[in-house]
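First the structure, in the form of structure tokens, and then the observations on it.
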Amino acid sequence: MDPRSARDVLRLVAESFSGFSEISGEVSDPLGWPGYAEKQRELSADHGPRESVLCGHGRIRGGGECVLISFDFRYFGGSLGSRTGDLLVGAFDEAVRRGLPVVSLVASGGSRMQEGMRALLQMQRIAGAAARLRAAALPHITVLRNPVAGGAWASVAGSADVLLAVPEATIGFAGARVRGDIDDIGEEAFTSKGKLALGQVHRLVELADVGAALAELLPLLTPTTAEAPDVPNALGHTDLPATGAEAVRRARAAERPRAETYLNDYFDRRFPLGSADPGMLCGFGSRHGNTFAYAAQTGTANNPAGFRAAARLVRLADRLRLPILTLIDTPGAAHDARAERDGIGPAIAELFTAVADASVPITTLVIGEGGSGGALALTSHTSVWITPDAYFSVIAPESANAILKREPGELGATIDQLKLRPQDLLALGAVHGIAR
């Protein structure tokens with residue numbers, strides 16, 4: 001449990017802070033819970049916390065201005081009561097009025113039992129305030145401290161655009177005292193490390209380093225241009241493959257430059273977001289002073305979590321008015337039993353929809369294998385480029401050969417018939433240019 005006061009946590013991340021209007025001196029006791037009003041007064045005595053959150057306007061150390069929300073676990077376990085809801089809704093609405101992002105530093109046991117349904121209803125109010133922030137194209141970054149549970153996880157923290165978490169934190173909808181048997185999934189599912197592996201948290205950051213992480217991230221969530229990202233340079237061959245088979249060999253070559261190499265070459269600095277699928281890299285970066293979002297495949301068969309992470313990234317970038325760069329490199333979507341169970345079809349459809357709905361410009365570069373719908377889902381509708389080391393195909397060549405009931409020795413002919421070389425794709429109008 002985080003024993004620090006809300007103000008002590010703020011001092012770790014902010015170089016300045018000015019609190020908003022304080023709550024009234026009246027305690028909230030809608031149920032007449034025995035001893036509850038007296039306990040509130042006791043906790044607030046001698047300059048103690050007057051509620052479970054402290055909200056205000058501040059500047060991140062080394063970064064920009066934002067509205068800051070800091071939970072105080074010492075006050076009824078950082079729980080959400082009716083006055084907590086008033087403060088949180090006021091903070092989100094003040095962020096909209098000032099045109100500022102929200103940073104929430106959350107440590108909470110959930111909704112406050114002593115206020116019953118009055119406490120639970122705050123989740124709806126908070127969701128509404130967060131929706132108004134999204135409608136204003138302003139980001140919300142949350143930092144999950146220890147613990148985060150119940151109403152706070154399912155309203156304030158879980159709805160954030162970017163979720164950072166301190167290592168070894170306990171995070172879950174149900175707290176340890178009320179959840180049932182967990183033998184079938186393990187305790188790690190309720191930890192920040194487990195949430196990172198599941199794709200529910202984007203990065204683990206020590207609390208002492210949160211200020212630096214926010215200073216790095218916040219500027220990358222501010223649009224600087226409405227123009228499409230320029231096309232990355234090709235980092236491998238500059239000559240075109242003579243045959244389809246050569247195009248496939250190049251795309252599958254172990255020594256070919258991969259997504260990380262392209263991203264490092266393209267961006268001056270970037271802030272990667274973790275994913276449950278290491279084959280899908282998502283994040284934000286700066287290039288020559290302009291900020292872009294990116295989603296890049298790493299050459300593996302992406303699973304449903306990867307496609308959902310990319311779809312979320314595309315939707316967030318579109319809402320924040322950030323142009324998007326996508327890099328295509330996959331033999332195709334995962335198609336095993338687990339992928340099917342986890343919804344590979346709907347996950348790909350979700351990404352297709354996010355890209356189709358996006359109003360910001362998207363630039364796509366095919367850097368390796370462009371395998372079927374798993375590659376096309378991440379592809380721009382208006383600006384698609386390909387390197388000389390890449391191909392794009394309706395189906396994997398081997399699968400095409402099998403469907404046609406051809407012998408292995410006929411694979412080369414099948415590949416040529418698929419017209420998957422960069423120059424073939426340009427002639428077909430499937431790509432708009434070849435990167436050099």
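Naming scheme: A, B, ... for chains in displayed order of the structure tokens; residues 1 onward per chain; ligands 1 onward as shown.
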Set out as JSON lines a contact list for region 184-296 of chain A and region 352-371 of chain A with a cut-off of 7 Å, giving each residue of region 184-296 of chain A that qualifies its closest atom pair and distance in Å to one decimal, counting only C-alpha atoms, ordered by chain and rising residue number.
```
{"residue": "A:Glu227", "atom": "CA", "partner": "A:Pro361", "partner_atom": "CA", "distance": 6.8}
{"residue": "A:Ala228", "atom": "CA", "partner": "A:Pro361", "partner_atom": "CA", "distance": 4.9}
{"residue": "A:Pro229", "atom": "CA", "partner": "A:Thr363", "partner_atom": "CA", "distance": 5.9}
{"residue": "A:Val231", "atom": "CA", "partner": "A:Thr363", "partner_atom": "CA", "distance": 6.9}
{"residue": "A:Ala251", "atom": "CA", "partner": "A:Gly368", "partner_atom": "CA", "distance": 4.5}
{"residue": "A:Arg252", "atom": "CA", "partner": "A:Glu369", "partner_atom": "CA", "distance": 7.0}
```
Output N, CA and C atoms of each residue in that selection to a file, as an mmCIF file, in the first residue's frame.
```
data_model
loop_
_atom_site.group_PDB
_atom_site.id
_atom_site.type_symbol
_atom_site.label_atom_id
_atom_site.label_comp_id
_atom_site.auth_asym_id
_atom_site.auth_seq_id
_atom_site.Cartn_x
_atom_site.Cartn_y
_atom_site.Cartn_z
ATOM 1 N N GLU A 227 0.171 17.261 -41.796
ATOM 2 C CA GLU A 227 0.683 16.594 -42.986
ATOM 3 C C GLU A 227 0.979 15.125 -42.704
ATOM 4 N N ALA A 228 0.908 14.316 -43.761
ATOM 5 C CA ALA A 228 1.233 12.904 -43.635
ATOM 6 C C ALA A 228 2.714 12.720 -43.330
ATOM 7 N N PRO A 229 3.079 11.698 -42.567
ATOM 8 C CA PRO A 229 4.499 11.420 -42.342
ATOM 9 C C PRO A 229 5.198 11.164 -43.677
ATOM 10 N N VAL A 231 7.861 9.402 -46.212
ATOM 11 C CA VAL A 231 8.147 7.980 -46.365
ATOM 12 C C VAL A 231 9.555 7.680 -45.860
ATOM 13 N N ALA A 251 12.550 -10.768 -48.570
ATOM 14 C CA ALA A 251 11.652 -10.386 -47.485
ATOM 15 C C ALA A 251 11.820 -11.290 -46.266
ATOM 16 N N ARG A 252 12.205 -12.550 -46.511
ATOM 17 C CA ARG A 252 12.344 -13.497 -45.415
ATOM 18 C C ARG A 252 13.775 -13.618 -44.901
#
```
Taking the backbone alone, and naming residues the way the document does, which bits of region 44-288 of chain A are helix (DSSP H, G or I) by DSSP, as number ranges by chain?
-> A: 44, 76-78, 82-98, 113-120, 122-135, 150-157, 187-190, 192-197, 207-221, 244-252, 259-266
How far is it from CA of Arg436 (chain A) to CA of Pro388 (chain A), in Å with one decimal?
-> 7.5 Å
Give me, as JSON lines, each residue of region 109-210 of chain A that comes within 9 Å of region 68-74 of chain A, together with its shortest interatomic pair and the distance in Å at one decimal, counting only C-alpha atoms, with rows ordered by chain and rising residue number.
```
{"residue": "A:Gly109", "atom": "CA", "partner": "A:Phe73", "partner_atom": "CA", "distance": 8.1}
{"residue": "A:Asn146", "atom": "CA", "partner": "A:Phe73", "partner_atom": "CA", "distance": 8.9}
{"residue": "A:Pro147", "atom": "CA", "partner": "A:Phe73", "partner_atom": "CA", "distance": 8.8}
```
For region 45-62 of chain A: contacts at 6 Å, only C-alpha atoms, fewer than 2 positions along chain excluded, given as a PyMOL selection string = chain A and resi 13-20+42-43+64-72+75+78+211+215
Please, could you write that set of residues out with C-alpha atoms as a PDB file, in the first residue's frame?
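again.pdb, freshly written:
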```
ATOM      1  CA  VAL A  13       6.533  14.482 -10.578  1.00  0.00           C
ATOM      2  CA  ALA A  14       5.648  18.188 -10.675  1.00  0.00           C
ATOM      3  CA  GLU A  15       7.824  21.266 -10.378  1.00  0.00           C
ATOM      4  CA  SER A  16       4.774  23.404  -9.581  1.00  0.00           C
ATOM      5  CA  PHE A  17       1.252  22.734  -8.374  1.00  0.00           C
ATOM      6  CA  SER A  18      -1.729  24.903  -7.544  1.00  0.00           C
ATOM      7  CA  GLY A  19      -4.799  23.194  -6.114  1.00  0.00           C
ATOM      8  CA  PHE A  20      -8.291  23.935  -7.374  1.00  0.00           C
ATOM      9  CA  GLU A  42     -10.352  12.469  12.535  1.00  0.00           C
ATOM     10  CA  LEU A  43      -8.472  11.875   9.268  1.00  0.00           C
ATOM     11  CA  GLY A  64       4.507  20.844 -19.886  1.00  0.00           C
ATOM     12  CA  GLU A  65       1.397  21.985 -18.092  1.00  0.00           C
ATOM     13  CA  CYS A  66      -1.397  19.626 -17.170  1.00  0.00           C
ATOM     14  CA  VAL A  67      -4.221  19.040 -14.736  1.00  0.00           C
ATOM     15  CA  LEU A  68      -2.960  16.770 -11.960  1.00  0.00           C
ATOM     16  CA  ILE A  69      -4.975  14.328  -9.874  1.00  0.00           C
ATOM     17  CA  SER A  70      -3.248  12.609  -6.954  1.00  0.00           C
ATOM     18  CA  PHE A  71      -4.913   9.991  -4.760  1.00  0.00           C
ATOM     19  CA  ASP A  72      -4.263   9.743  -1.038  1.00  0.00           C
ATOM     20  CA  TYR A  75      -7.958   8.597   3.430  1.00  0.00           C
ATOM     21  CA  GLY A  78      -8.097   6.250  -1.577  1.00  0.00           C
ATOM     22  CA  GLY A 211       8.201  12.730 -13.911  1.00  0.00           C
ATOM     23  CA  ALA A 215       8.145  14.907 -19.609  1.00  0.00           C
TER      24      ALA A 215
END
```
DSSP-assigned strand (DSSP E) among region 2-241 of chain A, expressed as a ChimeraX atom specification | /A:14-19,53-60,65-71,102-108,140-149,162-165,171-172,203-204
Export of the given selection (C-alpha atoms) as a PDB file, in the first residue's frame:
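Contents of selection.pdb, freshly written:
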```
ATOM      1  CA  ALA A  14       5.648  18.188 -10.675  1.00  0.00           C
ATOM      2  CA  GLU A  15       7.824  21.266 -10.378  1.00  0.00           C
ATOM      3  CA  SER A  16       4.774  23.404  -9.581  1.00  0.00           C
ATOM      4  CA  PHE A  17       1.252  22.734  -8.374  1.00  0.00           C
ATOM      5  CA  SER A  18      -1.729  24.903  -7.544  1.00  0.00           C
ATOM      6  CA  GLY A  19      -4.799  23.194  -6.114  1.00  0.00           C
ATOM      7  CA  VAL A  53      -7.887  12.988  -4.059  1.00  0.00           C
ATOM      8  CA  LEU A  54      -6.038  16.258  -4.493  1.00  0.00           C
ATOM      9  CA  CYS A  55      -6.646  18.009  -7.821  1.00  0.00           C
ATOM     10  CA  GLY A  56      -5.031  21.035  -9.389  1.00  0.00           C
ATOM     11  CA  HIS A  57      -3.057  22.614 -12.170  1.00  0.00           C
ATOM     12  CA  GLY A  58       0.691  22.137 -12.444  1.00  0.00           C
ATOM     13  CA  ARG A  59       3.765  21.705 -14.570  1.00  0.00           C
ATOM     14  CA  ILE A  60       5.530  18.386 -14.917  1.00  0.00           C
ATOM     15  CA  GLU A  65       1.397  21.985 -18.092  1.00  0.00           C
ATOM     16  CA  CYS A  66      -1.397  19.626 -17.170  1.00  0.00           C
ATOM     17  CA  VAL A  67      -4.221  19.040 -14.736  1.00  0.00           C
ATOM     18  CA  LEU A  68      -2.960  16.770 -11.960  1.00  0.00           C
ATOM     19  CA  ILE A  69      -4.975  14.328  -9.874  1.00  0.00           C
ATOM     20  CA  SER A  70      -3.248  12.609  -6.954  1.00  0.00           C
ATOM     21  CA  PHE A  71      -4.913   9.991  -4.760  1.00  0.00           C
ATOM     22  CA  VAL A 102      -4.906  15.132 -17.424  1.00  0.00           C
ATOM     23  CA  VAL A 103      -2.360  13.158 -15.418  1.00  0.00           C
ATOM     24  CA  SER A 104      -3.834  10.966 -12.682  1.00  0.00           C
ATOM     25  CA  LEU A 105      -1.692   9.303 -10.016  1.00  0.00           C
ATOM     26  CA  VAL A 106      -3.982   6.584  -8.711  1.00  0.00           C
ATOM     27  CA  ALA A 107      -3.865   4.508  -5.529  1.00  0.00           C
ATOM     28  CA  SER A 108      -7.324   3.349  -4.504  1.00  0.00           C
ATOM     29  CA  HIS A 140      -5.348  11.365 -20.160  1.00  0.00           C
ATOM     30  CA  ILE A 141      -2.286   9.608 -18.779  1.00  0.00           C
ATOM     31  CA  THR A 142      -2.632   7.569 -15.616  1.00  0.00           C
ATOM     32  CA  VAL A 143       0.022   6.252 -13.263  1.00  0.00           C
ATOM     33  CA  LEU A 144      -1.072   3.137 -11.384  1.00  0.00           C
ATOM     34  CA  ARG A 145       0.422   3.109  -7.901  1.00  0.00           C
ATOM     35  CA  ASN A 146      -0.229   0.465  -5.247  1.00  0.00           C
ATOM     36  CA  PRO A 147      -2.970  -0.704  -5.124  1.00  0.00           C
ATOM     37  CA  VAL A 148      -5.549   0.146  -7.795  1.00  0.00           C
ATOM     38  CA  ALA A 149      -8.843  -1.705  -7.548  1.00  0.00           C
ATOM     39  CA  VAL A 162      -1.784   5.742 -21.723  1.00  0.00           C
ATOM     40  CA  LEU A 163      -1.354   3.622 -18.601  1.00  0.00           C
ATOM     41  CA  LEU A 164       1.927   3.613 -16.703  1.00  0.00           C
ATOM     42  CA  ALA A 165       2.326   1.480 -13.587  1.00  0.00           C
ATOM     43  CA  ILE A 171      -4.006  -4.011  -9.817  1.00  0.00           C
ATOM     44  CA  GLY A 172      -7.384  -5.669 -10.263  1.00  0.00           C
ATOM     45  CA  ARG A 203       4.899   0.567 -19.387  1.00  0.00           C
ATOM     46  CA  LEU A 204       6.305  -0.062 -15.908  1.00  0.00           C
TER      47      LEU A 204
END
```
